[in-house]
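First comes the structure, then the notes that go with it.
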Amino acid sequence: MKTGMKPKSILIKKYENRRLYDATNSRYVNLDEVAKMMQSGDNVRIVDATTGEDITRLILTQIIVEDAKTPDSIFPLGVLRQMVIASGKASQESALQYMKAMLDISQNAYRAMAPPIVPLTSSSEKILRPLMLRRPVRQGVPETAVRIRPIILRP
């Protein structure tokens with residue numbers, strides 16, 4: 001979610017033909033778009049168009065299942081196993097607390113491993129701009145074939 005913006009409430013209706021209709025923005029959407037809405041901080045509620053039953057949990061689970069099918073899924077196999085194990089134990093409340101804790105741990109570990117992207121500061125931009133604008137030229141070698149080594153700036 002962008003800073004300072006209030007989350008939008010979005011109502012999505014699922015029809016018998018399995019299509020998802022964003023009633024708030026008057027358009028059809030797919031699971032990827034629903035996931036992006038949620039990732040941007042919007043409050044998404046999904047209902048069955050015929051019965052009015054809230055099926056948000058079902059659709060969110062479906063989004064996770066679709067992501068887990070890909071080889072580069074963001075969900076580590078260990079976390080998915082723990083979710084399955086936890087769902088078969090104790091009460092629903094404790095299982096949900098456990099799953100939330102596991103996902104928080106996984107997300108924090110991911111954040112710790114992924115280096116933050118630091119925007120160019122005015123001083124580094126002054127240094128890098130001429131280098132970025134310079135066109136590499138070698139006699140007889142196409143411009144796209146020239147390799148450029150990354151420049152590492154140290155404070």
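All residue names refer to the structure tokens as shown: chains lettered A, B, ... in order, residues numbered from 1 in each chain, ligands numbered from 1 in order.
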
Please run DSSP on the backbone and report, as an MDAnalysis selection string, all residues within segment 11-54 of chain A that come out as helix (DSSP H, G or I). chainID A and resid 31:39

Just write the chosen residues, all heavy atoms, as an mmCIF file, in the first residue's frame.
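Output saved as out_8.cif:
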data_model
loop_
_atom_site.group_PDB
_atom_site.id
_atom_site.type_symbol
_atom_site.label_atom_id
_atom_site.label_comp_id
_atom_site.auth_asym_id
_atom_site.auth_seq_id
_atom_site.Cartn_x
_atom_site.Cartn_y
_atom_site.Cartn_z
ATOM 1 N N LEU A 31 -7.266 -14.260 -10.692
ATOM 2 C CA LEU A 31 -6.668 -14.483 -9.372
ATOM 3 C C LEU A 31 -5.418 -13.625 -9.160
ATOM 4 O O LEU A 31 -5.191 -13.116 -8.054
ATOM 5 C CB LEU A 31 -6.327 -15.959 -9.179
ATOM 6 C CG LEU A 31 -7.510 -16.909 -9.044
ATOM 7 C CD1 LEU A 31 -7.022 -18.353 -8.958
ATOM 8 C CD2 LEU A 31 -8.354 -16.565 -7.838
ATOM 9 N N ASP A 32 -4.616 -13.454 -10.206
ATOM 10 C CA ASP A 32 -3.413 -12.626 -10.076
ATOM 11 C C ASP A 32 -3.770 -11.189 -9.720
ATOM 12 O O ASP A 32 -3.102 -10.563 -8.896
ATOM 13 C CB ASP A 32 -2.595 -12.637 -11.375
ATOM 14 C CG ASP A 32 -1.904 -13.961 -11.621
ATOM 15 O OD1 ASP A 32 -1.678 -14.705 -10.639
ATOM 16 O OD2 ASP A 32 -1.600 -14.259 -12.791
ATOM 17 N N GLU A 33 -4.809 -10.672 -10.343
ATOM 18 C CA GLU A 33 -5.224 -9.300 -10.055
ATOM 19 C C GLU A 33 -5.768 -9.164 -8.634
ATOM 20 O O GLU A 33 -5.516 -8.167 -7.961
ATOM 21 C CB GLU A 33 -6.264 -8.833 -11.070
ATOM 22 C CG GLU A 33 -5.677 -8.642 -12.463
ATOM 23 C CD GLU A 33 -6.733 -8.396 -13.520
ATOM 24 O OE1 GLU A 33 -7.644 -9.243 -13.659
ATOM 25 O OE2 GLU A 33 -6.650 -7.370 -14.198
ATOM 26 N N VAL A 34 -6.482 -10.186 -8.161
ATOM 27 C CA VAL A 34 -6.973 -10.176 -6.778
ATOM 28 C C VAL A 34 -5.790 -10.166 -5.826
ATOM 29 O O VAL A 34 -5.762 -9.409 -4.849
ATOM 30 C CB VAL A 34 -7.901 -11.384 -6.500
ATOM 31 C CG1 VAL A 34 -8.267 -11.464 -5.023
ATOM 32 C CG2 VAL A 34 -9.164 -11.301 -7.350
ATOM 33 N N ALA A 35 -4.772 -10.979 -6.115
ATOM 34 C CA ALA A 35 -3.576 -11.026 -5.274
ATOM 35 C C ALA A 35 -2.886 -9.661 -5.253
ATOM 36 O O ALA A 35 -2.473 -9.190 -4.192
ATOM 37 C CB ALA A 35 -2.615 -12.101 -5.783
ATOM 38 N N LYS A 36 -2.788 -9.004 -6.403
ATOM 39 C CA LYS A 36 -2.149 -7.687 -6.474
ATOM 40 C C LYS A 36 -2.937 -6.645 -5.678
ATOM 41 O O LYS A 36 -2.353 -5.772 -5.045
ATOM 42 C CB LYS A 36 -1.979 -7.256 -7.923
ATOM 43 C CG LYS A 36 -0.867 -8.006 -8.614
ATOM 44 C CD LYS A 36 -0.740 -7.630 -10.058
ATOM 45 C CE LYS A 36 0.342 -8.498 -10.688
ATOM 46 N NZ LYS A 36 0.244 -8.623 -12.096
ATOM 47 N N MET A 37 -4.262 -6.749 -5.716
ATOM 48 C CA MET A 37 -5.092 -5.830 -4.934
ATOM 49 C C MET A 37 -4.770 -5.972 -3.444
ATOM 50 O O MET A 37 -4.605 -4.984 -2.737
ATOM 51 C CB MET A 37 -6.583 -6.124 -5.149
ATOM 52 C CG MET A 37 -7.124 -5.745 -6.485
ATOM 53 S SD MET A 37 -8.854 -6.286 -6.591
ATOM 54 C CE MET A 37 -9.117 -6.252 -8.341
ATOM 55 N N MET A 38 -4.678 -7.218 -3.018
ATOM 56 C CA MET A 38 -4.399 -7.471 -1.603
ATOM 57 C C MET A 38 -2.982 -7.025 -1.252
ATOM 58 O O MET A 38 -2.753 -6.456 -0.194
ATOM 59 C CB MET A 38 -4.600 -8.939 -1.274
ATOM 60 C CG MET A 38 -6.003 -9.394 -1.610
ATOM 61 S SD MET A 38 -6.678 -10.623 -0.565
ATOM 62 C CE MET A 38 -6.770 -9.887 0.998
ATOM 63 N N GLN A 39 -2.032 -7.282 -2.132
ATOM 64 C CA GLN A 39 -0.648 -6.887 -1.884
ATOM 65 C C GLN A 39 -0.493 -5.376 -1.815
ATOM 66 O O GLN A 39 0.378 -4.876 -1.119
ATOM 67 C CB GLN A 39 0.269 -7.467 -2.966
ATOM 68 C CG GLN A 39 0.410 -8.968 -2.864
ATOM 69 C CD GLN A 39 0.956 -9.605 -4.116
ATOM 70 O OE1 GLN A 39 1.149 -8.951 -5.143
ATOM 71 N NE2 GLN A 39 1.198 -10.909 -4.067
#

Run DSSP on the backbone and give me the residues of segment 16-74 of chain A it puts in strand (DSSP E), as a PyMOL selection string. chain A and resi 20-22+27-29+43-48

Skip Glu16 of chain A itself and residues of its chain fewer than 4 positions away, then list as a PyMOL selection string all residues within 10 Å of it, counting only C-alpha atoms. chain A and resi 20+48-50

Can you tell me, as a short mmCIF file (atom, residue, chain, number, x, y, z; two decimals) with N, CA and C atoms, in the first residue's frame, what residues are no more than 9 Å from Ser106 of chain A when counting only C-alpha atoms, ignoring any on the same chain fewer than 6 positions away?
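The new file result-v7.cif reads:
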data_model
loop_
_atom_site.label_atom_id
_atom_site.label_comp_id
_atom_site.auth_asym_id
_atom_site.auth_seq_id
_atom_site.Cartn_x
_atom_site.Cartn_y
_atom_site.Cartn_z
N PHE A 75 6.48 -19.72 -1.40
CA PHE A 75 6.23 -20.46 -0.17
C PHE A 75 7.20 -21.62 -0.05
N PRO A 76 8.09 -21.57 0.94
CA PRO A 76 9.01 -22.69 1.13
C PRO A 76 8.24 -23.96 1.47
N VAL A 79 7.35 -24.48 5.13
CA VAL A 79 6.22 -23.69 5.65
C VAL A 79 4.90 -24.35 5.25
#

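With only C-alpha atoms as the atoms that count, the residue of A:Ile85, A:Ile55, A:Ala68, A:Leu96 with the shortest distance to Lys14 of chain A is A:Ile55.
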
With only C-alpha atoms as the counted atoms, please give the residues lying no more than 12 Å from Gln107 of chain A, apart from itself and same-chain residues fewer than 4 positions off, as a PyMOL selection string. chain A and resi 74-76+79+100-103+111-114

Please save N, CA and C atoms of the selected residues as an mmCIF file, in the first residue's frame.
data_model
loop_
_atom_site.group_PDB
_atom_site.id
_atom_site.type_symbol
_atom_site.label_atom_id
_atom_site.label_comp_id
_atom_site.auth_asym_id
_atom_site.auth_seq_id
_atom_site.Cartn_x
_atom_site.Cartn_y
_atom_site.Cartn_z
ATOM 1 N N ILE A 74 6.899 -18.691 -3.850
ATOM 2 C CA ILE A 74 7.462 -17.935 -2.727
ATOM 3 C C ILE A 74 7.270 -18.661 -1.407
ATOM 4 N N PHE A 75 6.479 -19.718 -1.405
ATOM 5 C CA PHE A 75 6.228 -20.457 -0.170
ATOM 6 C C PHE A 75 7.199 -21.617 -0.051
ATOM 7 N N PRO A 76 8.092 -21.567 0.936
ATOM 8 C CA PRO A 76 9.015 -22.687 1.129
ATOM 9 C C PRO A 76 8.236 -23.957 1.470
ATOM 10 N N VAL A 79 7.347 -24.478 5.127
ATOM 11 C CA VAL A 79 6.218 -23.689 5.647
ATOM 12 C C VAL A 79 4.900 -24.346 5.247
ATOM 13 N N LYS A 100 0.172 -18.137 11.378
ATOM 14 C CA LYS A 100 0.540 -16.727 11.255
ATOM 15 C C LYS A 100 1.976 -16.516 11.726
ATOM 16 N N ALA A 101 2.336 -17.143 12.848
ATOM 17 C CA ALA A 101 3.698 -17.008 13.370
ATOM 18 C C ALA A 101 4.709 -17.571 12.375
ATOM 19 N N MET A 102 4.407 -18.727 11.778
ATOM 20 C CA MET A 102 5.315 -19.339 10.801
ATOM 21 C C MET A 102 5.482 -18.447 9.571
ATOM 22 N N LEU A 103 4.384 -17.870 9.093
ATOM 23 C CA LEU A 103 4.466 -17.005 7.923
ATOM 24 C C LEU A 103 5.228 -15.720 8.252
ATOM 25 N N ARG A 111 12.904 -10.969 4.117
ATOM 26 C CA ARG A 111 13.292 -9.558 4.135
ATOM 27 C C ARG A 111 14.754 -9.391 4.529
ATOM 28 N N ALA A 112 15.211 -10.219 5.462
ATOM 29 C CA ALA A 112 16.601 -10.122 5.912
ATOM 30 C C ALA A 112 17.563 -10.542 4.813
ATOM 31 N N MET A 113 17.162 -11.483 3.962
ATOM 32 C CA MET A 113 18.035 -11.976 2.897
ATOM 33 C C MET A 113 18.040 -11.043 1.694
ATOM 34 N N ALA A 114 16.913 -10.417 1.387
ATOM 35 C CA ALA A 114 16.812 -9.563 0.210
ATOM 36 C C ALA A 114 17.366 -8.177 0.540
#

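If you measure from each of A:Asp42, A:Ile105, A:Asn25, A:Leu80 to Val65 of chain A using only C-alpha atoms, the closest one turns out to be A:Leu80.
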
For a quick check of understanding, using only C-alpha atoms, which of A:Val29, A:Ile10, A:Met99, A:Ile46 has the smallest distance to Leu60 of chain A? A:Ile46
